[in-house]
Amino acid sequence: MINLRNDYSQVGHPRILKALSDVCLYDNEGYGLDVYSDKAALVIKKLLNNESADVHFMMNGTGTNKTVLSHILRPYQAAISCNTGHINVHETGAVEATGHKVIVCEGIDGKLNTKLIEKAFYSHTDEHMVMPKAVYISNATETGSIYSFNELKNIRQLCDKLNLYLYMDGARLGVAMCSEDNSVKWSDLCGFFDAFCIGATKNGALLGEAVVICNEQLKKDFRYSIKNGGGMYAKGFIIGMEFYELFNDGLYLDLAKNANNMAKILKEGILAAGYDMEYDSSTNQLFVIVNEYQLTKLSKEITFETFYKKSENEIVIRFVTSFATTKEQIMKALKILEDLNK
């Protein structure tokens with residue numbers, strides 16, 4: 001079977017496994033207070049060109065989003081999210097379980113814009129309703145799209161005007177930053193966001209996300225929030241080791257580029273074979289429209305996610321490439337797809 005189901009099926013990149021193996025019997029300080037986590041934080045700050053940012057390492061995306069949003073919001077405050085946002089669809093109400101409502105907007109290609117945010121903000125008028133206080137975006141989004149520099153600049157300016165925090169879920173930040181369509185630099189991120197995360201689970205790591213807090217007001221006591229939310233890993237040095245290996249010499253970017261390059265070849269081949277795409281993704285998630293017959297045949301040779309039924313005989317499926325996807329796998333998948341659409 002050709003694996004195009006997701007970008008976290010493999011254990012991890014061999015270099016990360018070797019880095020862990022080389023020091024597997026060393027003694028380390030626990031709970032993220034080790035030298036490896038310190039070194040990883042330094043290389044991330046260097047990439048961001050921001051020495052004052054706080055960097056914390058956590059285990060997974062859902063726990064990260066839940067912890068950050070519950071940390072920055074008062075009990076009566078809420079987060080504005082796109083309808084496809086991960087906190088709205090795929091986290092089992094984790095944020096809302098902390099007592100914070102998610103205000104949902106019908107996004108455009110998986111993204112929020114200033115008009116949508118303004119509408120959500122001004123529709124909550126007084127203390128009888130939750131107070132919008134944070135804007136949550138994903139980059140890359142759940143539909144594979146990315147935010148441009150100008151889009152983020154406009155959202156940041158609106159958040160400043162409305163006194164809203166801006167938080168980015170960067171579970172797939174690597175492929176967003178390495179997209180051919182990207183106009184955002186790493187050094188831009190701390191200027192745009194009060195806090196954001198850098199995902200590694202979906203880019204070659206065994207596990208782990210890095211939380212970057214840029215807003216001085218939000219830095220205080222964040223470790224208390226991590227511990228309170230169950231996200232403080234006793235063996236946090238493992239995540240620190242991984243992030244240092246990923247960011248010390250550009251491995252993180254190389255892995256993301258491979259995922260994007262394989263997706264580009266796959267996308268071009270899919271379109272050439274006569275298939276339609278549900279979204280115009282520029283990263284490693286591709287949403288393809290197939291019929292019932294094609295779905296049945298494809299599922300026997302390729303692993304993928306079936307997303308939803310678009311019409312009576314149209315189904316949207318998702319292909320995802322990863323750091324480990326090879327061109328040989330892509331060409332085999334395209335041959336199968338071409339034969340089914342003749």
# chains A, B, ... in the order shown; residues from 1 in each chain; ligands from 1
>>> residues_around(residues="Gly250 (chain A)", least_positions_apart="4", cutoff="12 Å", atoms="only C-alpha atoms", output="PyMOL selection string")
chain A and resi 43-44+47+174+178+243-246+254-257
>>> residues_around(residues="Thr321 (chain A)", least_positions_apart="4", cutoff="7 Å", atoms="only C-alpha atoms", output="JSON list (two decimals) with N, CA and C atoms, in the first residue's frame")
[["chain", "number", "residue", "atom", "x", "y", "z"],
["A", 4, "LEU", "N", -0.53, 7.64, 1.72],
["A", 4, "LEU", "CA", -0.80, 9.06, 1.56],
["A", 4, "LEU", "C", -1.88, 9.49, 2.55],
["A", 6, "ASN", "N", -1.44, 10.45, 5.96],
["A", 6, "ASN", "CA", -1.09, 11.60, 6.80],
["A", 6, "ASN", "C", 0.42, 11.80, 6.80],
["A", 7, "ASP", "N", 0.88, 12.78, 7.56],
["A", 7, "ASP", "CA", 2.31, 13.09, 7.61],
["A", 7, "ASP", "C", 2.92, 12.78, 8.98],
["A", 259, "ALA", "N", 8.11, 17.22, 1.56],
["A", 259, "ALA", "CA", 6.66, 17.01, 1.58],
["A", 259, "ALA", "C", 5.97, 17.87, 0.53],
["A", 262, "MET", "N", 6.87, 16.68, -3.18],
["A", 262, "MET", "CA", 6.13, 15.48, -3.56],
["A", 262, "MET", "C", 4.66, 15.80, -3.81],
["A", 263, "ALA", "N", 4.11, 16.70, -3.02],
["A", 263, "ALA", "CA", 2.71, 17.10, -3.20],
["A", 263, "ALA", "C", 2.53, 17.85, -4.53],
["A", 284, "ASN", "N", 1.16, 20.34, 1.54],
["A", 284, "ASN", "CA", 1.23, 18.89, 1.38],
["A", 284, "ASN", "C", -0.09, 18.16, 1.58],
["A", 285, "GLN", "N", -1.19, 18.88, 1.69],
["A", 285, "GLN", "CA", -2.51, 18.24, 1.76],
["A", 285, "GLN", "C", -3.26, 18.52, 0.46],
["A", 325, "THR", "N", 7.92, 10.66, 2.05],
["A", 325, "THR", "CA", 7.33, 10.30, 0.76],
["A", 325, "THR", "C", 8.39, 10.37, -0.33]]
>>> closest_residue(among="A:Ala94, A:Ile289, A:Leu42, A:Ala79", to="Asp276 (chain A)", atoms="only C-alpha atoms")
A:Ile289
>>> residues_around(residues="Ala78 (chain A)", least_positions_apart="6", cutoff="8 Å", atoms="only C-alpha atoms", output="compact mmCIF listing (two decimals) with C-alpha atoms, in the first residue's frame")
# COMPACT_ATOMS: atom_id res chain seq x y z
CA HIS A 100 -13.98 28.91 26.57
CA LYS A 101 -16.43 29.07 23.71
CA VAL A 102 -15.14 28.85 20.15
CA ILE A 103 -16.85 31.48 17.96
CA VAL A 130 -19.02 35.70 25.70
CA MET A 131 -16.35 38.30 25.01
CA PRO A 132 -14.23 37.68 21.90
CA LYS A 133 -10.61 38.01 22.99
CA ALA A 134 -8.46 35.78 20.77
>>> atom_distance(atom1="CA of Phe57 (chain A)", atom2="CA of Asp181 (chain A)")
28.6 Å
>>> residues_around(residues="region 294-308 of chain A", least_positions_apart="2", cutoff="10 Å", atoms="only C-alpha atoms", output="ChimeraX atom specification")
/A:1-6,287-292,310-311,314-320,329,332-333,336-337,339-341
>>> select_by_dssp(residues="region 135-305 of chain A", states="strand (DSSP E or B)", output="ChimeraX atom specification")
/A:135-138,165-169,195-199,209-213,276-277,285-290,302-303,305
>>> write_last_selection(atoms="N, CA and C atoms", output="CSV table (one decimal), in the first residue's frame")
chain,number,residue,atom,x,y,z
A,135,VAL,N,-8.0,35.5,18.4
A,135,VAL,CA,-8.3,35.0,17.1
A,135,VAL,C,-7.3,33.8,16.9
A,136,TYR,N,-7.9,32.7,16.5
A,136,TYR,CA,-7.1,31.5,16.2
A,136,TYR,C,-7.1,31.2,14.7
A,137,ILE,N,-5.9,31.1,14.2
A,137,ILE,CA,-5.7,30.7,12.8
A,137,ILE,C,-4.8,29.5,12.7
A,138,SER,N,-4.8,28.8,11.6
A,138,SER,CA,-3.9,27.7,11.4
A,138,SER,C,-3.1,28.1,10.1
A,165,TYR,N,-6.0,39.1,21.1
A,165,TYR,CA,-4.8,38.3,20.9
A,165,TYR,C,-4.9,37.5,19.6
A,166,LEU,N,-3.7,37.4,19.0
A,166,LEU,CA,-3.7,36.6,17.7
A,166,LEU,C,-2.8,35.4,18.0
A,167,TYR,N,-3.3,34.2,17.8
A,167,TYR,CA,-2.6,32.9,18.1
A,167,TYR,C,-2.6,32.1,16.8
A,168,MET,N,-1.5,31.5,16.4
A,168,MET,CA,-1.4,30.7,15.3
A,168,MET,C,-1.0,29.2,15.7
A,169,ASP,N,-1.9,28.3,15.2
A,169,ASP,CA,-1.6,26.9,15.3
A,169,ASP,C,-0.7,26.5,14.1
A,195,ALA,N,1.3,34.7,20.3
A,195,ALA,CA,1.8,33.4,20.6
A,195,ALA,C,1.6,32.5,19.3
A,196,PHE,N,2.4,31.5,19.1
A,196,PHE,CA,2.2,30.5,18.1
A,196,PHE,C,2.9,29.3,18.4
A,197,CYS,N,2.6,28.2,17.7
A,197,CYS,CA,3.4,27.0,17.9
A,197,CYS,C,4.0,26.5,16.6
A,198,ILE,N,5.1,25.8,16.7
A,198,ILE,CA,5.9,25.2,15.6
A,198,ILE,C,5.7,23.7,15.7
A,199,GLY,N,5.0,23.1,14.8
A,199,GLY,CA,4.8,21.7,14.8
A,199,GLY,C,5.9,20.9,14.3
A,209,GLU,N,5.7,19.8,19.9
A,209,GLU,CA,5.4,21.1,19.4
A,209,GLU,C,6.2,22.1,20.2
A,210,ALA,N,6.6,23.2,19.6
A,210,ALA,CA,7.2,24.3,20.3
A,210,ALA,C,6.3,25.4,20.4
A,211,VAL,N,6.0,25.9,21.6
A,211,VAL,CA,5.2,27.1,21.8
A,211,VAL,C,6.1,28.3,21.9
A,212,VAL,N,5.8,29.3,21.1
A,212,VAL,CA,6.6,30.5,21.1
A,212,VAL,C,5.6,31.6,21.6
A,213,ILE,N,6.0,32.3,22.7
A,213,ILE,CA,5.2,33.4,23.3
A,213,ILE,C,5.9,34.7,23.1
A,276,ASP,N,-10.7,16.8,-10.4
A,276,ASP,CA,-10.9,18.1,-9.9
A,276,ASP,C,-10.4,18.1,-8.4
A,277,MET,N,-10.0,19.3,-8.0
A,277,MET,CA,-9.6,19.4,-6.6
A,277,MET,C,-10.6,20.3,-5.8
A,285,GLN,N,-1.2,18.9,1.7
A,285,GLN,CA,-2.5,18.2,1.8
A,285,GLN,C,-3.3,18.5,0.5
A,286,LEU,N,-3.7,17.5,-0.2
A,286,LEU,CA,-4.5,17.6,-1.5
A,286,LEU,C,-5.8,17.0,-1.3
A,287,PHE,N,-6.8,17.7,-1.7
A,287,PHE,CA,-8.2,17.2,-1.5
A,287,PHE,C,-8.8,17.0,-2.9
A,288,VAL,N,-9.0,15.7,-3.3
A,288,VAL,CA,-9.3,15.3,-4.6
A,288,VAL,C,-10.8,14.8,-4.6
A,289,ILE,N,-11.5,15.1,-5.7
A,289,ILE,CA,-12.9,14.6,-5.9
A,289,ILE,C,-12.9,13.4,-6.8
A,290,VAL,N,-13.4,12.3,-6.2
A,290,VAL,CA,-13.5,11.0,-6.9
A,290,VAL,C,-14.9,10.5,-6.9
A,302,ILE,N,-3.9,2.4,-2.1
A,302,ILE,CA,-3.4,3.7,-1.5
A,302,ILE,C,-4.2,3.9,-0.2
A,303,THR,N,-3.4,4.3,0.8
A,303,THR,CA,-4.1,4.6,2.1
A,303,THR,C,-4.3,6.2,2.1
A,305,GLU,N,-7.4,9.5,3.6
A,305,GLU,CA,-8.6,9.8,4.4
A,305,GLU,C,-9.8,10.2,3.4
>>> closest_residue(among="A:Gly144, A:Met241, A:Glu180, A:Ser52", to="Val35 (chain A)", atoms="only C-alpha atoms")
A:Met241
>>> closest_residue(among="A:Lys219, A:Lys185, A:His56, A:Lys46", to="His71 (chain A)", atoms="only C-alpha atoms")
A:Lys219
>>> residues_around(residues="region 110-121 of chain A", least_positions_apart="6", cutoff="10 Å", atoms="only C-alpha atoms", output="PyMOL selection string")
chain A and resi 79-85+103-104+131-147+151-152+154-159+162+164+279
>>> write_last_selection(atoms="N, CA and C atoms", output="tab-separated table (two decimals), in the first residue's frame")
chain	number	residue	atom	x	y	z
A	79	ALA	N	-12.54	32.44	21.77
A	79	ALA	CA	-11.64	32.50	20.62
A	79	ALA	C	-12.44	32.45	19.33
A	80	ILE	N	-12.07	33.28	18.38
A	80	ILE	CA	-12.69	33.29	17.05
A	80	ILE	C	-11.90	32.35	16.15
A	81	SER	N	-12.60	31.46	15.48
A	81	SER	CA	-11.94	30.46	14.64
A	81	SER	C	-12.69	30.28	13.33
A	82	CYS	N	-11.97	29.88	12.30
A	82	CYS	CA	-12.59	29.44	11.06
A	82	CYS	C	-13.38	28.15	11.33
A	83	ASN	N	-14.43	27.92	10.56
A	83	ASN	CA	-15.25	26.71	10.78
A	83	ASN	C	-14.44	25.43	10.58
A	84	THR	N	-13.40	25.47	9.75
A	84	THR	CA	-12.57	24.28	9.55
A	84	THR	C	-11.41	24.20	10.55
A	85	GLY	N	-11.29	25.19	11.42
A	85	GLY	CA	-10.19	25.23	12.38
A	85	GLY	C	-10.10	23.98	13.23
A	103	ILE	N	-15.95	30.74	18.85
A	103	ILE	CA	-16.85	31.48	17.96
A	103	ILE	C	-16.46	31.14	16.53
A	104	VAL	N	-17.38	30.53	15.80
A	104	VAL	CA	-17.05	29.96	14.50
A	104	VAL	C	-17.48	30.87	13.36
A	131	MET	N	-17.15	37.20	25.56
A	131	MET	CA	-16.35	38.30	25.01
A	131	MET	C	-15.28	37.74	24.07
A	132	PRO	N	-15.32	38.09	22.78
A	132	PRO	CA	-14.23	37.68	21.90
A	132	PRO	C	-12.91	38.30	22.35
A	133	LYS	N	-11.88	37.48	22.50
A	133	LYS	CA	-10.61	38.01	22.99
A	133	LYS	C	-9.41	37.47	22.22
A	134	ALA	N	-9.57	36.35	21.53
A	134	ALA	CA	-8.46	35.78	20.77
A	134	ALA	C	-8.92	35.39	19.38
A	135	VAL	N	-8.03	35.52	18.44
A	135	VAL	CA	-8.26	35.02	17.08
A	135	VAL	C	-7.32	33.84	16.87
A	136	TYR	N	-7.90	32.72	16.46
A	136	TYR	CA	-7.13	31.49	16.22
A	136	TYR	C	-7.07	31.24	14.72
A	137	ILE	N	-5.87	31.08	14.19
A	137	ILE	CA	-5.71	30.67	12.80
A	137	ILE	C	-4.75	29.49	12.73
A	138	SER	N	-4.82	28.75	11.64
A	138	SER	CA	-3.87	27.68	11.36
A	138	SER	C	-3.07	28.06	10.12
A	139	ASN	N	-1.79	27.73	10.12
A	139	ASN	CA	-0.95	27.99	8.95
A	139	ASN	C	0.14	26.92	8.89
A	140	ALA	N	0.07	26.00	7.91
A	140	ALA	CA	-0.93	25.88	6.87
A	140	ALA	C	-2.28	25.53	7.46
A	141	THR	N	-3.35	25.88	6.73
A	141	THR	CA	-4.69	25.63	7.21
A	141	THR	C	-5.06	24.16	7.03
A	142	GLU	N	-6.23	23.84	7.53
A	142	GLU	CA	-6.73	22.46	7.42
A	142	GLU	C	-7.12	22.10	6.00
A	143	THR	N	-7.16	23.07	5.10
A	143	THR	CA	-7.44	22.78	3.68
A	143	THR	C	-6.19	22.89	2.82
A	144	GLY	N	-5.04	23.10	3.46
A	144	GLY	CA	-3.77	23.16	2.73
A	144	GLY	C	-3.38	24.54	2.25
A	145	SER	N	-4.22	25.55	2.50
A	145	SER	CA	-3.90	26.91	2.08
A	145	SER	C	-2.96	27.57	3.09
A	146	ILE	N	-2.40	28.71	2.69
A	146	ILE	CA	-1.51	29.45	3.58
A	146	ILE	C	-1.91	30.93	3.59
A	147	TYR	N	-1.50	31.62	4.64
A	147	TYR	CA	-1.73	33.06	4.76
A	147	TYR	C	-0.56	33.82	4.15
A	151	GLU	N	-2.12	39.41	4.33
A	151	GLU	CA	-3.27	38.90	5.09
A	151	GLU	C	-2.98	38.92	6.58
A	152	LEU	N	-1.81	38.46	6.96
A	152	LEU	CA	-1.45	38.45	8.38
A	152	LEU	C	-1.27	39.87	8.91
A	154	ASN	N	-2.84	42.54	7.90
A	154	ASN	CA	-4.16	43.14	8.08
A	154	ASN	C	-4.87	42.58	9.31
A	155	ILE	N	-4.73	41.28	9.53
A	155	ILE	CA	-5.37	40.67	10.71
A	155	ILE	C	-4.71	41.19	11.99
A	156	ARG	N	-3.38	41.32	11.97
A	156	ARG	CA	-2.67	41.85	13.13
A	156	ARG	C	-3.12	43.27	13.45
A	157	GLN	N	-3.26	44.09	12.45
A	157	GLN	CA	-3.70	45.48	12.66
A	157	GLN	C	-5.11	45.52	13.23
A	158	LEU	N	-5.98	44.64	12.74
A	158	LEU	CA	-7.35	44.60	13.27
A	158	LEU	C	-7.34	44.12	14.72
A	159	CYS	N	-6.53	43.12	15.01
A	159	CYS	CA	-6.46	42.61	16.40
A	159	CYS	C	-5.97	43.71	17.34
A	162	LEU	N	-8.92	46.06	17.91
A	162	LEU	CA	-10.00	45.50	18.72
A	162	LEU	C	-9.51	44.92	20.04
A	164	LEU	N	-7.48	42.30	20.56
A	164	LEU	CA	-7.58	40.85	20.51
A	164	LEU	C	-6.19	40.22	20.43
A	279	TYR	N	-9.97	21.96	-2.99
A	279	TYR	CA	-9.29	23.18	-2.55
A	279	TYR	C	-8.00	23.34	-3.35
>>> select_by_dssp(residues="region 64-215 of chain A", states="alpha helix (DSSP H)", output="ChimeraX atom specification")
/A:64-72,86-89,94-97,114-122,149-162,173-177,189-192
>>> closest_residue(among="A:Asn258, A:Ser187, A:Gly107, A:Lys45", to="Val175 (chain A)", atoms="only C-alpha atoms")
A:Asn258
